[in-house]
Each structure stands twice: as C-alpha cells, then as structure tokens.
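Here the structure is laid out as structure tokens; the discussion comes afterwards.
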Amino acid sequence: ILQVKQAIKSDISTLTGTGNYQDISGLSVSITPSATSSKIFVQCLLSLGTTSNTYAQAQFVRDSTAINLGDTSGSRPRGTFSLSDGGSGAYYYTVSRGANFLDSPNSSSALNYKVQAQSGNGVTLTFNTSGEGYSGSHALTSSITVMEIEG
C-alpha cells in the first residue's frame, strides 16, 4: 500500500430522490497515483435511514465516470450496492451499508473518487441517522477510503 486517503462524514444530511444519482455531501476524496500501473482500492461505508420502503442504491464514481456497476436489465437502475433495508426498519433505525472495489484507472494524474446515491422519486435518504430522525436514533458516520496499491 503506497498511500491512503479518507473522507469521513459525521454530519446529518438528506438527499431527496429524483430517480437520478446525486452526490452525497462530504463523501469525496482525491488521490494521485504514483504510477499508471497502480491500482486504487475504494471502500465505502454509508449509515442512513429512509422515509419510505422503496429501492435505493449507491455507486462509486471516478472523476465523472461511474465504476463497478451491475449489468443493465430492462429499466432496472444500475448501481454498485443496495441501500435498501428490505423493510420499514430504517424509518426508526439507522442501517449501515458498504462496498469495496479494486479499480485500475491506468493513470498517474489526480483522481477524484466519490459516492453517489439514488432512490425513488420523493423518497428522502437521511445520512448518519434514521429516516424520521427520532430522538432515540443513532448518530453515526459514513466514510470513503481509497488506497493506492503498487502495481
């Protein structure tokens, strides 16, 4: 491992679904590989709640290119990992979801990695606490970590 960069999000923020991917504030990090043969290991943890039992997913983005997406199948939204909890629990509780990916960017220029999320129209994702923000809810963190691996 040649270098490690990390961004930690500790504040509470919301993202209201439009059916399109949107940036998650505070979850972006830059790294400049020392050689084009280097690989970049991307790791993310998201803590969140929702206001409705609907689909939600996240994707990794390198600069402006989404990476590590599922294959397209009809009108299904593509993504890297699911944020849905399979039930109504995230109304009252906070769920944690994560993923990792070994990227081969073939670059020695500065790269920006970030996490984006999407959900159904009008559905609000609340990061670092429950969807309804109950007084007994957890106050958690989310993060993105990137590591340069020698090629």
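How things are named: the first chain in the structure tokens is A, the next is B, and so on; residues count from 1 in each chain; ligands count from 1 in the order shown.
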Show me a table, sorted first by chain and then by increasing residue number, of the residues of range 90-112 of chain A having an atom at most 10 Å from range 137-151 of chain A, each with its shortest atom pair and the distance in Å to one decimal, counting only C-alpha atoms and written as a Markdown table.
```
| residue | atom | partner | partner_atom | distance |
| --- | --- | --- | --- | --- |
| A:Tyr91 | CA | A:Ser137 | CA | 9.9 |
| A:Tyr92 | CA | A:Ser137 | CA | 7.1 |
| A:Tyr93 | CA | A:Ser137 | CA | 6.2 |
| A:Thr94 | CA | A:His138 | CA | 6.6 |
| A:Val95 | CA | A:His138 | CA | 9.7 |
| A:Ser96 | CA | A:Ser142 | CA | 8.6 |
| A:Arg97 | CA | A:Ser142 | CA | 9.4 |
| A:Gly98 | CA | A:Ser142 | CA | 9.4 |
| A:Ala99 | CA | A:Ile144 | CA | 9.8 |
| A:Asn100 | CA | A:Thr145 | CA | 9.3 |
| A:Phe101 | CA | A:Val146 | CA | 9.7 |
| A:Leu102 | CA | A:Ile149 | CA | 9.1 |
| A:Asp103 | CA | A:Glu148 | CA | 9.6 |
| A:Ser104 | CA | A:Gly151 | CA | 9.3 |
| A:Asn112 | CA | A:Val146 | CA | 9.8 |
```
Please, could you write that set of residues out with all heavy atoms as a tab-separated table (two decimals), in the first residue's frame?
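Result went into again16.tsv, see below:
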```tsv
chain	number	residue	atom	x	y	z
A	91	TYR	N	-37.05	3.50	8.93
A	91	TYR	CA	-37.83	4.64	9.40
A	91	TYR	C	-37.40	4.99	10.82
A	91	TYR	O	-37.34	6.14	11.21
A	91	TYR	CB	-39.33	4.32	9.47
A	91	TYR	CG	-40.01	3.91	8.19
A	91	TYR	CD1	-41.24	3.28	8.25
A	91	TYR	CD2	-39.46	4.15	6.94
A	91	TYR	CE1	-41.91	2.90	7.11
A	91	TYR	CE2	-40.12	3.77	5.79
A	91	TYR	CZ	-41.35	3.14	5.87
A	91	TYR	OH	-42.01	2.76	4.75
A	92	TYR	N	-37.17	3.96	11.62
A	92	TYR	CA	-36.92	4.13	13.04
A	92	TYR	C	-35.47	3.92	13.44
A	92	TYR	O	-35.03	4.39	14.48
A	92	TYR	CB	-37.79	3.15	13.84
A	92	TYR	CG	-39.24	3.21	13.46
A	92	TYR	CD1	-39.81	2.27	12.62
A	92	TYR	CD2	-40.03	4.26	13.93
A	92	TYR	CE1	-41.15	2.34	12.27
A	92	TYR	CE2	-41.37	4.34	13.58
A	92	TYR	CZ	-41.93	3.38	12.76
A	92	TYR	OH	-43.26	3.46	12.39
A	93	TYR	N	-34.73	3.20	12.62
A	93	TYR	CA	-33.36	2.84	12.95
A	93	TYR	C	-32.44	3.27	11.82
A	93	TYR	O	-32.87	3.61	10.73
A	93	TYR	CB	-33.22	1.33	13.16
A	93	TYR	CG	-34.19	0.77	14.16
A	93	TYR	CD1	-35.27	0.01	13.75
A	93	TYR	CD2	-34.04	1.02	15.52
A	93	TYR	CE1	-36.18	-0.50	14.66
A	93	TYR	CE2	-34.94	0.52	16.44
A	93	TYR	CZ	-36.01	-0.23	16.02
A	93	TYR	OH	-36.90	-0.73	16.92
A	94	THR	N	-31.16	3.22	12.09
A	94	THR	CA	-30.16	3.52	11.08
A	94	THR	C	-29.57	2.21	10.58
A	94	THR	O	-29.24	1.34	11.38
A	94	THR	CB	-29.04	4.39	11.68
A	94	THR	OG1	-29.62	5.51	12.34
A	94	THR	CG2	-28.10	4.88	10.60
A	95	VAL	N	-29.46	2.07	9.26
A	95	VAL	CA	-28.83	0.89	8.69
A	95	VAL	C	-27.47	1.28	8.14
A	95	VAL	O	-27.24	2.44	7.79
A	95	VAL	CB	-29.71	0.23	7.58
A	95	VAL	CG1	-31.03	-0.24	8.17
A	95	VAL	CG2	-29.95	1.19	6.43
A	96	SER	N	-26.57	0.32	8.08
A	96	SER	CA	-25.24	0.56	7.52
A	96	SER	C	-25.03	-0.33	6.31
A	96	SER	O	-25.33	-1.53	6.36
A	96	SER	CB	-24.16	0.28	8.56
A	96	SER	OG	-24.24	1.21	9.61
A	97	ARG	N	-24.55	0.25	5.24
A	97	ARG	CA	-24.29	-0.48	4.01
A	97	ARG	C	-22.90	-0.10	3.51
A	97	ARG	O	-22.47	1.05	3.67
A	97	ARG	CB	-25.33	-0.14	2.92
A	97	ARG	CG	-26.76	-0.52	3.29
A	97	ARG	CD	-26.93	-2.02	3.25
A	97	ARG	NE	-28.28	-2.42	3.57
A	97	ARG	CZ	-28.69	-2.84	4.75
A	97	ARG	NH1	-27.83	-2.86	5.76
A	97	ARG	NH2	-29.93	-3.21	4.95
A	98	GLY	N	-22.22	-1.04	2.90
A	98	GLY	CA	-20.88	-0.75	2.41
A	98	GLY	C	-20.51	-1.58	1.21
A	98	GLY	O	-21.20	-2.55	0.87
A	99	ALA	N	-19.43	-1.20	0.59
A	99	ALA	CA	-18.92	-1.93	-0.57
A	99	ALA	C	-17.45	-1.57	-0.76
A	99	ALA	O	-16.96	-0.58	-0.21
A	99	ALA	CB	-19.71	-1.58	-1.83
A	100	ASN	N	-16.76	-2.39	-1.54
A	100	ASN	CA	-15.39	-2.06	-1.92
A	100	ASN	C	-15.14	-2.53	-3.34
A	100	ASN	O	-15.88	-3.36	-3.87
A	100	ASN	CB	-14.36	-2.65	-0.94
A	100	ASN	CG	-14.56	-4.12	-0.72
A	100	ASN	OD1	-14.42	-4.92	-1.64
A	100	ASN	ND2	-14.87	-4.51	0.51
A	101	PHE	N	-14.12	-1.98	-3.96
A	101	PHE	CA	-13.82	-2.28	-5.36
A	101	PHE	C	-12.36	-1.96	-5.63
A	101	PHE	O	-11.84	-0.93	-5.18
A	101	PHE	CB	-14.72	-1.45	-6.28
A	101	PHE	CG	-14.45	-1.63	-7.74
A	101	PHE	CD1	-14.61	-2.86	-8.36
A	101	PHE	CD2	-14.03	-0.55	-8.51
A	101	PHE	CE1	-14.35	-3.02	-9.71
A	101	PHE	CE2	-13.78	-0.70	-9.87
A	101	PHE	CZ	-13.94	-1.95	-10.47
A	102	LEU	N	-11.68	-2.84	-6.37
A	102	LEU	CA	-10.30	-2.61	-6.78
A	102	LEU	C	-10.31	-2.05	-8.20
A	102	LEU	O	-10.60	-2.76	-9.16
A	102	LEU	CB	-9.50	-3.91	-6.70
A	102	LEU	CG	-8.00	-3.78	-6.98
A	102	LEU	CD1	-7.33	-2.87	-5.95
A	102	LEU	CD2	-7.34	-5.15	-6.99
A	103	ASP	N	-10.01	-0.77	-8.31
A	103	ASP	CA	-10.07	-0.06	-9.58
A	103	ASP	C	-8.70	-0.05	-10.26
A	103	ASP	O	-7.67	-0.01	-9.59
A	103	ASP	CB	-10.55	1.37	-9.33
A	103	ASP	CG	-10.86	2.14	-10.60
A	103	ASP	OD1	-11.23	1.50	-11.61
A	103	ASP	OD2	-10.77	3.38	-10.57
A	104	SER	N	-8.71	-0.09	-11.58
A	104	SER	CA	-7.48	0.01	-12.38
A	104	SER	C	-7.59	1.22	-13.29
A	104	SER	O	-7.95	1.10	-14.47
A	104	SER	CB	-7.28	-1.26	-13.22
A	104	SER	OG	-7.18	-2.39	-12.39
A	112	ASN	N	-10.41	11.85	-8.58
A	112	ASN	CA	-11.38	12.13	-7.53
A	112	ASN	C	-12.38	10.97	-7.47
A	112	ASN	O	-12.99	10.62	-8.48
A	112	ASN	CB	-12.12	13.44	-7.80
A	112	ASN	CG	-13.05	13.80	-6.67
A	112	ASN	OD1	-12.60	14.07	-5.56
A	112	ASN	ND2	-14.34	13.78	-6.94
```
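Within range 36-149 of chain A, DSSP run on the backbone puts these residues in alpha helix (DSSP H): Gly89, Ala90, Tyr91 and Tyr92 of chain A.
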> Could you name the residues that touch Thr18 in chain A at 10 Å or less, counting only C-alpha atoms, but leaving out those on the same chain fewer than 6 positions away, as number ranges by chain?
Replying inline: A: 118-124
Saved selection, atoms kept: N, CA, C and O atoms, as a compact mmCIF listing (two decimals), in the first residue's frame:
```
# COMPACT_ATOMS: atom_id res chain seq x y z
N GLN A 118 -29.10 7.17 -5.13
CA GLN A 118 -30.38 7.48 -5.76
C GLN A 118 -31.46 6.68 -5.07
O GLN A 118 -31.22 5.61 -4.49
N SER A 119 -32.67 7.20 -5.12
CA SER A 119 -33.83 6.50 -4.59
C SER A 119 -35.04 6.89 -5.41
O SER A 119 -34.94 7.70 -6.34
N GLY A 120 -36.19 6.33 -5.07
CA GLY A 120 -37.41 6.64 -5.80
C GLY A 120 -37.79 8.10 -5.66
O GLY A 120 -37.37 8.80 -4.72
N ASN A 121 -38.59 8.58 -6.60
CA ASN A 121 -39.00 9.98 -6.60
C ASN A 121 -39.63 10.37 -5.27
O ASN A 121 -40.55 9.71 -4.78
N GLY A 122 -39.13 11.45 -4.68
CA GLY A 122 -39.70 11.98 -3.46
C GLY A 122 -39.28 11.27 -2.18
O GLY A 122 -39.64 11.72 -1.09
N VAL A 123 -38.54 10.19 -2.29
CA VAL A 123 -38.09 9.45 -1.10
C VAL A 123 -36.82 10.10 -0.57
O VAL A 123 -35.87 10.30 -1.31
N THR A 124 -36.81 10.41 0.71
CA THR A 124 -35.66 11.07 1.31
C THR A 124 -34.75 10.06 1.98
O THR A 124 -35.21 9.23 2.77
```
>> Which residue is closest to Gln43 in chain A? Choose from A:Val29, A:Gly17, A:Gly131, A:Ser75 and count only C-alpha atoms.
In response: A:Val29
>> Set the distance at 10 Å and use only C-alpha atoms: which residues neighbour Ser109 in chain A once local chain neighbours fewer than 3 positions away are removed? I'd like the list as an MDAnalysis selection string.
In response: chainID A and resid 31:36 105:106 112
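Minimum atom-to-atom distances from A:Gln59, A:Thr80, A:Thr72, A:Ser108 to Lys39 in chain A were compared using only C-alpha atoms, and the lowest value belongs to A:Ser108.
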> Which residue out of A:Ser28, A:Ser107, A:Asn20, A:Val61 has the minimum interatomic distance to Ile8 in chain A when only C-alpha atoms are used?
Replying inline: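 Among the listed residues, the smallest separation from Ile8 in chain A belongs to A:Ser28.
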